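Have a look at entry.pdb below; it lists PDB, C-alpha atoms.
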```
MODEL        1
ATOM      1  CA  MET A   1      80.761 108.439  22.448
ATOM      2  CA  SER A   2      79.713 105.038  21.129
ATOM      3  CA  THR A   3      82.174 102.234  20.434
ATOM      4  CA  THR A   4      81.504 102.497  16.709
ATOM      5  CA  SER A   5      82.141 106.241  16.751
ATOM      6  CA  ILE A   6      85.478 105.753  18.506
ATOM      7  CA  GLN A   7      86.448 102.938  16.137
ATOM      8  CA  PHE A   8      85.426 105.059  13.132
ATOM      9  CA  ASP A   9      87.671 107.885  14.344
ATOM     10  CA  ARG A  10      90.631 105.531  14.849
ATOM     11  CA  VAL A  11      90.325 104.113  11.333
ATOM     12  CA  ILE A  12      89.934 107.570   9.796
ATOM     13  CA  ALA A  13      92.987 108.842  11.689
ATOM     14  CA  ILE A  14      95.093 106.173   9.961
ATOM     15  CA  CYS A  15      93.587 107.009   6.566
ATOM     16  CA  GLN A  16      94.011 110.748   7.076
ATOM     17  CA  GLU A  17      97.647 110.300   8.070
ATOM     18  CA  LEU A  18      98.334 108.566   4.742
ATOM     19  CA  TYR A  19      96.319 111.207   2.859
ATOM     20  CA  THR A  20      98.293 114.070   4.421
ATOM     21  CA  LYS A  21     101.634 112.365   3.770
ATOM     22  CA  LYS A  22     100.690 111.868   0.124
ATOM     23  CA  MET A  23      99.560 115.503  -0.042
ATOM     24  CA  LYS A  24     103.079 116.505   1.053
ATOM     25  CA  ASP A  25     104.635 114.208  -1.573
ATOM     26  CA  TYR A  26     102.315 114.897  -4.511
ATOM     27  CA  GLY A  27     100.203 117.921  -3.646
ATOM     28  CA  CYS A  28      96.623 117.624  -4.795
ATOM     29  CA  ALA A  29      97.352 116.208  -8.250
ATOM     30  CA  TRP A  30      94.206 114.096  -7.749
ATOM     31  CA  ARG A  31      92.107 117.229  -8.328
ATOM     32  CA  ILE A  32      92.386 116.742 -12.096
ATOM     33  CA  LEU A  33      90.601 113.373 -11.959
ATOM     34  CA  ARG A  34      87.122 113.274 -13.432
ATOM     35  CA  MET A  35      84.412 111.580 -11.393
ATOM     36  CA  THR A  36      84.515 108.524 -13.629
ATOM     37  CA  SER A  37      88.229 108.170 -12.839
ATOM     38  CA  PHE A  38      87.536 108.174  -9.096
ATOM     39  CA  THR A  39      84.887 105.518  -9.628
ATOM     40  CA  ASP A  40      87.249 103.406 -11.711
ATOM     41  CA  GLN A  41      90.096 103.710  -9.172
ATOM     42  CA  ILE A  42      87.804 102.535  -6.387
ATOM     43  CA  TYR A  43      86.484  99.776  -8.654
ATOM     44  CA  ILE A  44      90.036  98.496  -9.246
ATOM     45  CA  LYS A  45      90.661  98.420  -5.492
ATOM     46  CA  ALA A  46      87.380  96.607  -4.808
ATOM     47  CA  LEU A  47      88.107  94.021  -7.511
ATOM     48  CA  ARG A  48      91.554  93.456  -6.002
ATOM     49  CA  LEU A  49      89.933  92.952  -2.589
ATOM     50  CA  ARG A  50      87.625  90.359  -4.048
ATOM     51  CA  SER A  51      90.593  88.632  -5.680
ATOM     52  CA  ILE A  52      92.516  88.630  -2.378
ATOM     53  CA  GLN A  53      89.497  87.175  -0.610
ATOM     54  CA  GLU A  54      88.940  84.435  -3.192
ATOM     55  CA  ASN A  55      92.448  83.428  -4.292
ATOM     56  CA  GLU A  56      94.905  81.460  -2.211
ATOM     57  CA  VAL A  57      97.930  82.608  -4.201
ATOM     58  CA  ARG A  58      98.960  86.285  -4.382
ATOM     59  CA  LYS A  59     101.698  87.660  -6.576
ATOM     60  CA  VAL A  60     101.697  91.056  -4.843
ATOM     61  CA  ASP A  61     102.336  90.829  -1.115
ATOM     62  CA  GLU A  62      99.749  93.307   0.105
ATOM     63  CA  GLY A  63      96.625  92.441   2.007
ATOM     64  CA  GLU A  64      93.172  93.884   2.325
ATOM     65  CA  VAL A  65      94.000  96.783   4.634
ATOM     66  CA  PRO A  66      95.791  99.030   2.082
ATOM     67  CA  GLU A  67      92.976  98.513  -0.423
ATOM     68  CA  PHE A  68      90.258  99.507   2.058
ATOM     69  CA  ILE A  69      92.320 102.549   3.090
ATOM     70  CA  GLY A  70      92.604 103.463  -0.592
ATOM     71  CA  ILE A  71      88.853 103.141  -1.039
ATOM     72  CA  ILE A  72      88.244 105.436   1.927
ATOM     73  CA  ASN A  73      90.654 108.098   0.698
ATOM     74  CA  TYR A  74      89.446 107.958  -2.904
ATOM     75  CA  CYS A  75      85.828 108.260  -1.712
ATOM     76  CA  ILE A  76      86.737 111.351   0.306
ATOM     77  CA  MET A  77      88.624 112.877  -2.632
ATOM     78  CA  ALA A  78      85.617 112.133  -4.862
ATOM     79  CA  LEU A  79      83.263 113.814  -2.385
ATOM     80  CA  ILE A  80      85.552 116.860  -2.331
ATOM     81  CA  SER A  81      85.564 116.949  -6.140
ATOM     82  CA  LEU A  82      81.775 116.659  -6.256
ATOM     83  CA  GLU A  83      81.591 119.749  -4.058
ATOM     84  CA  LYS A  84      84.390 121.770  -5.685
ATOM     85  CA  GLY A  85      84.020 120.625  -9.279
ATOM     86  CA  ILE A  86      86.783 119.089 -11.372
ATOM     87  CA  ALA A  87      89.961 121.142 -11.712
ATOM     88  CA  THR A  88      92.269 121.422 -14.708
ATOM     89  CA  HIS A  89      95.289 121.678 -12.407
ATOM     90  CA  PRO A  90      96.010 121.154  -8.701
ATOM     91  CA  ASP A  91      94.107 123.981  -7.027
ATOM     92  CA  LEU A  92      94.042 123.278  -3.287
ATOM     93  CA  SER A  93      96.645 124.077  -0.704
ATOM     94  CA  TYR A  94      97.642 121.459   1.823
ATOM     95  CA  ASP A  95      95.525 123.209   4.482
ATOM     96  CA  GLU A  96      92.466 123.520   2.207
ATOM     97  CA  ALA A  97      92.684 119.880   1.153
ATOM     98  CA  THR A  98      93.003 118.765   4.782
ATOM     99  CA  THR A  99      90.091 120.951   5.911
ATOM    100  CA  LEU A 100      87.884 119.571   3.139
ATOM    101  CA  TYR A 101      88.935 116.016   4.042
ATOM    102  CA  ILE A 102      87.866 116.594   7.651
ATOM    103  CA  LYS A 103      84.569 118.156   6.508
ATOM    104  CA  LYS A 104      83.683 115.207   4.245
ATOM    105  CA  VAL A 105      84.596 112.729   6.999
ATOM    106  CA  ALA A 106      82.332 114.566   9.469
ATOM    107  CA  GLU A 107      79.402 114.523   7.034
ATOM    108  CA  THR A 108      79.907 110.830   6.304
ATOM    109  CA  LYS A 109      80.331 109.935   9.971
ATOM    110  CA  GLN A 110      77.033 111.652  10.761
ATOM    111  CA  LEU A 111      75.340 109.575   8.051
ATOM    112  CA  MET A 112      76.911 106.431   9.532
ATOM    113  CA  GLU A 113      75.675 107.305  13.025
ATOM    114  CA  ASP A 114      72.156 108.024  11.740
ATOM    115  CA  LYS A 115      72.035 104.731   9.826
ATOM    116  CA  ASN A 116      73.525 102.795  12.744
ATOM    117  CA  HIS A 117      70.753 104.163  14.943
ATOM    118  CA  ASP A 118      68.083 103.029  12.490
ATOM    119  CA  TYR A 119      69.681  99.681  11.548
ATOM    120  CA  GLY A 120      70.935  98.734  15.007
ATOM    121  CA  GLU A 121      74.541  98.300  13.843
ATOM    122  CA  ALA A 122      73.620  95.365  11.610
ATOM    123  CA  TRP A 123      76.986  95.798   9.853
ATOM    124  CA  ARG A 124      78.679  94.113  12.823
ATOM    125  CA  ASP A 125      77.159  90.805  11.695
ATOM    126  CA  LEU A 126      78.424  91.181   8.118
ATOM    127  CA  ARG A 127      81.545  89.467   6.843
ATOM    128  CA  VAL A 128      84.383  91.497   5.326
ATOM    129  CA  SER A 129      83.676  89.731   2.026
ATOM    130  CA  SER A 130      80.068  90.942   2.153
ATOM    131  CA  LEU A 131      81.233  94.498   2.764
ATOM    132  CA  THR A 132      83.478  94.138  -0.296
ATOM    133  CA  ASP A 133      80.506  92.946  -2.339
ATOM    134  CA  LEU A 134      78.388  95.866  -1.114
ATOM    135  CA  ILE A 135      81.132  98.275  -2.193
ATOM    136  CA  LEU A 136      81.222  96.621  -5.629
ATOM    137  CA  GLN A 137      77.433  96.871  -5.884
ATOM    138  CA  LYS A 138      77.557 100.581  -5.024
ATOM    139  CA  LEU A 139      80.287 101.066  -7.627
ATOM    140  CA  LEU A 140      78.151  99.452 -10.308
ATOM    141  CA  ARG A 141      75.305 101.760  -9.318
ATOM    142  CA  VAL A 142      77.576 104.801  -9.537
ATOM    143  CA  LYS A 143      78.862 103.675 -12.937
ATOM    144  CA  GLN A 144      75.262 103.419 -14.170
ATOM    145  CA  ILE A 145      74.393 106.859 -12.780
ATOM    146  CA  GLU A 146      77.502 108.261 -14.482
ATOM    147  CA  ASP A 147      76.500 106.581 -17.739
ATOM    148  CA  ASN A 148      73.094 108.269 -17.310
ATOM    149  CA  GLN A 149      74.866 111.666 -16.980
ATOM    150  CA  GLY A 150      73.929 111.820 -13.290
ATOM    151  CA  LYS A 151      70.201 111.533 -13.849
ATOM    152  CA  THR A 152      68.241 109.268 -11.531
ATOM    153  CA  ILE A 153      64.527 108.600 -11.211
ATOM    154  CA  VAL A 154      64.166 107.291  -7.670
ATOM    155  CA  SER A 155      67.623 106.456  -6.403
ATOM    156  CA  GLU A 156      70.044 108.406  -4.257
ATOM    157  CA  GLY A 157      72.770 110.318  -6.017
ATOM    158  CA  ILE A 158      76.455 109.689  -6.474
ATOM    159  CA  ALA A 159      77.552 111.407  -3.243
ATOM    160  CA  ALA A 160      75.389 109.118  -1.098
ATOM    161  CA  ASN A 161      76.910 106.077  -2.789
ATOM    162  CA  TYR A 162      80.457 107.323  -2.153
ATOM    163  CA  GLN A 163      79.537 107.906   1.487
ATOM    164  CA  ASP A 164      78.128 104.395   1.807
ATOM    165  CA  MET A 165      81.269 102.892   0.250
ATOM    166  CA  LEU A 166      83.430 104.912   2.613
ATOM    167  CA  ASN A 167      81.448 103.661   5.606
ATOM    168  CA  TYR A 168      81.528 100.042   4.394
ATOM    169  CA  ALA A 169      85.313 100.280   4.042
ATOM    170  CA  VAL A 170      85.591 101.697   7.589
ATOM    171  CA  PHE A 171      83.462  98.821   8.867
ATOM    172  CA  ALA A 172      85.695  96.325   7.072
ATOM    173  CA  LEU A 173      88.797  97.852   8.654
ATOM    174  CA  ILE A 174      87.138  97.704  12.070
ATOM    175  CA  HIS A 175      86.450  94.008  11.461
ATOM    176  CA  LEU A 176      90.083  93.563  10.397
ATOM    177  CA  GLY A 177      91.267  95.035  13.707
ATOM    178  CA  MET A 178      92.439  98.448  12.491
ATOM    179  CA  ALA A 179      90.492 100.292  15.191
ATOM    180  CA  ASN A 180      92.419  98.442  17.911
ATOM    181  CA  GLU A 181      95.807  99.844  16.944
TER
ENDMDL
END
```

In structure tokens, what does this structure look like?
Amino acid sequence: MSTTSIQFDRVIAICQELYTKKMKDYGCAWRILRMTSFTDQIYIKALRLRSIQENEVRKVDEGEVPEFIGIINYCIMALISLEKGIATHPDLSYDEATTLYIKKVAETKQLMEDKNHDYGEAWRDLRVSSLTDLILQKLLRVKQIEDNQGKTIVSEGIAANYQDMLNYAVFALIHLGMANE
């Protein structure tokens, strides 16, 4: 198993632990969110990351790590909702929601490994701030696709963008040392 694959798994284990704890607290209330709401939640987190990275003074004492974890988990929930459709009420059991989480992670990890093979792990030379900017760029693309009612001419769809954002957030957490814990 490659170093990146091991680091990916370590980061995801931390994110999944939070996801499962929140599932026990709240159930899958997130299932009622429309796709635009997922996009907006991730957008808020990415904007906060950019603010943290640019501003010396913070009024909320939280760093980058919780925001990247939030991006990862919201991307996975969005991918689940793309597959299952939007619900009018919480409709997944704890076990179903966990199984779907693991499935979406596996699909996204495979994409990451395929791209890493082709790109030679170029992400390792990127700064965390650049990964934040790439997430914001993907979010703006998703917002435009949503505004176009999901229609694209030549670009990849919404799911591929969520997967890319998820992978960028994992890379950022690896850079921030999360895979060493």

Inset, instruction - For A:Glu146, list every protein, DNA or RNA residue within 10 Å, evaluated using all atoms listed in the file, and leave out those in the same chain fewer than 6 positions away; present the list as a list in words. - result: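 Listed by chain and then number, they are Met35, Thr36, Thr39, Leu140, Thr152, Gly157 and Ile158 of chain A.
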
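Matched in the shown structure by the PyMOL selection byres ((chain A and resi 20) around 12): Ile12, Ala13, Ile14, Cys15, Gln16, Glu17, Leu18, Tyr19, Lys21, Lys22, Met23, Lys24, Asp25, Tyr26, Gly27, Cys28, Asn73, Ser93, Tyr94, Asp95, Glu96, Ala97, Thr98, Thr99, Leu100, Tyr101 and Ile102 of chain A.
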
Hey, can you spit out that residue selection with C-alpha atoms as a JSON list (two decimals), in the frame of the given file?
```
[["chain", "number", "residue", "atom", "x", "y", "z"],
["A", 12, "ILE", "CA", 89.93, 107.57, 9.80],
["A", 13, "ALA", "CA", 92.99, 108.84, 11.69],
["A", 14, "ILE", "CA", 95.09, 106.17, 9.96],
["A", 15, "CYS", "CA", 93.59, 107.01, 6.57],
["A", 16, "GLN", "CA", 94.01, 110.75, 7.08],
["A", 17, "GLU", "CA", 97.65, 110.30, 8.07],
["A", 18, "LEU", "CA", 98.33, 108.57, 4.74],
["A", 19, "TYR", "CA", 96.32, 111.21, 2.86],
["A", 21, "LYS", "CA", 101.63, 112.36, 3.77],
["A", 22, "LYS", "CA", 100.69, 111.87, 0.12],
["A", 23, "MET", "CA", 99.56, 115.50, -0.04],
["A", 24, "LYS", "CA", 103.08, 116.50, 1.05],
["A", 25, "ASP", "CA", 104.64, 114.21, -1.57],
["A", 26, "TYR", "CA", 102.32, 114.90, -4.51],
["A", 27, "GLY", "CA", 100.20, 117.92, -3.65],
["A", 28, "CYS", "CA", 96.62, 117.62, -4.80],
["A", 73, "ASN", "CA", 90.65, 108.10, 0.70],
["A", 93, "SER", "CA", 96.64, 124.08, -0.70],
["A", 94, "TYR", "CA", 97.64, 121.46, 1.82],
["A", 95, "ASP", "CA", 95.52, 123.21, 4.48],
["A", 96, "GLU", "CA", 92.47, 123.52, 2.21],
["A", 97, "ALA", "CA", 92.68, 119.88, 1.15],
["A", 98, "THR", "CA", 93.00, 118.76, 4.78],
["A", 99, "THR", "CA", 90.09, 120.95, 5.91],
["A", 100, "LEU", "CA", 87.88, 119.57, 3.14],
["A", 101, "TYR", "CA", 88.94, 116.02, 4.04],
["A", 102, "ILE", "CA", 87.87, 116.59, 7.65]]
```

What's around A:Phe38 at 9 Å? Count only C-alpha atoms, leave out sequence neighbours fewer than 2 positions away in its own chain, and write the answer as an MDAnalysis selection string.
chainID A and resid 33:36 40:43 74:75 77:78

Do you know which residues are at most 12 Å from stretch 114-123 of chain A counting only C-alpha atoms, after dropping those on the same chain fewer than 3 positions away, and could you put them as a PyMOL selection string? chain A and resi 2-5+107-111+126-131+134+163-164+167-172+174-175

| task | Pull out every residue that the PyMOL selection byres ((chain A and resi 31) around 7) matches in the shown coordinates and put them as a PyMOL selection string. | result | chain A and resi 28-30+32-33+81+86-87+89-90

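Put simply, atom CA of A:Gln144 is 17.6 Å away from atom CA of A:Leu79.
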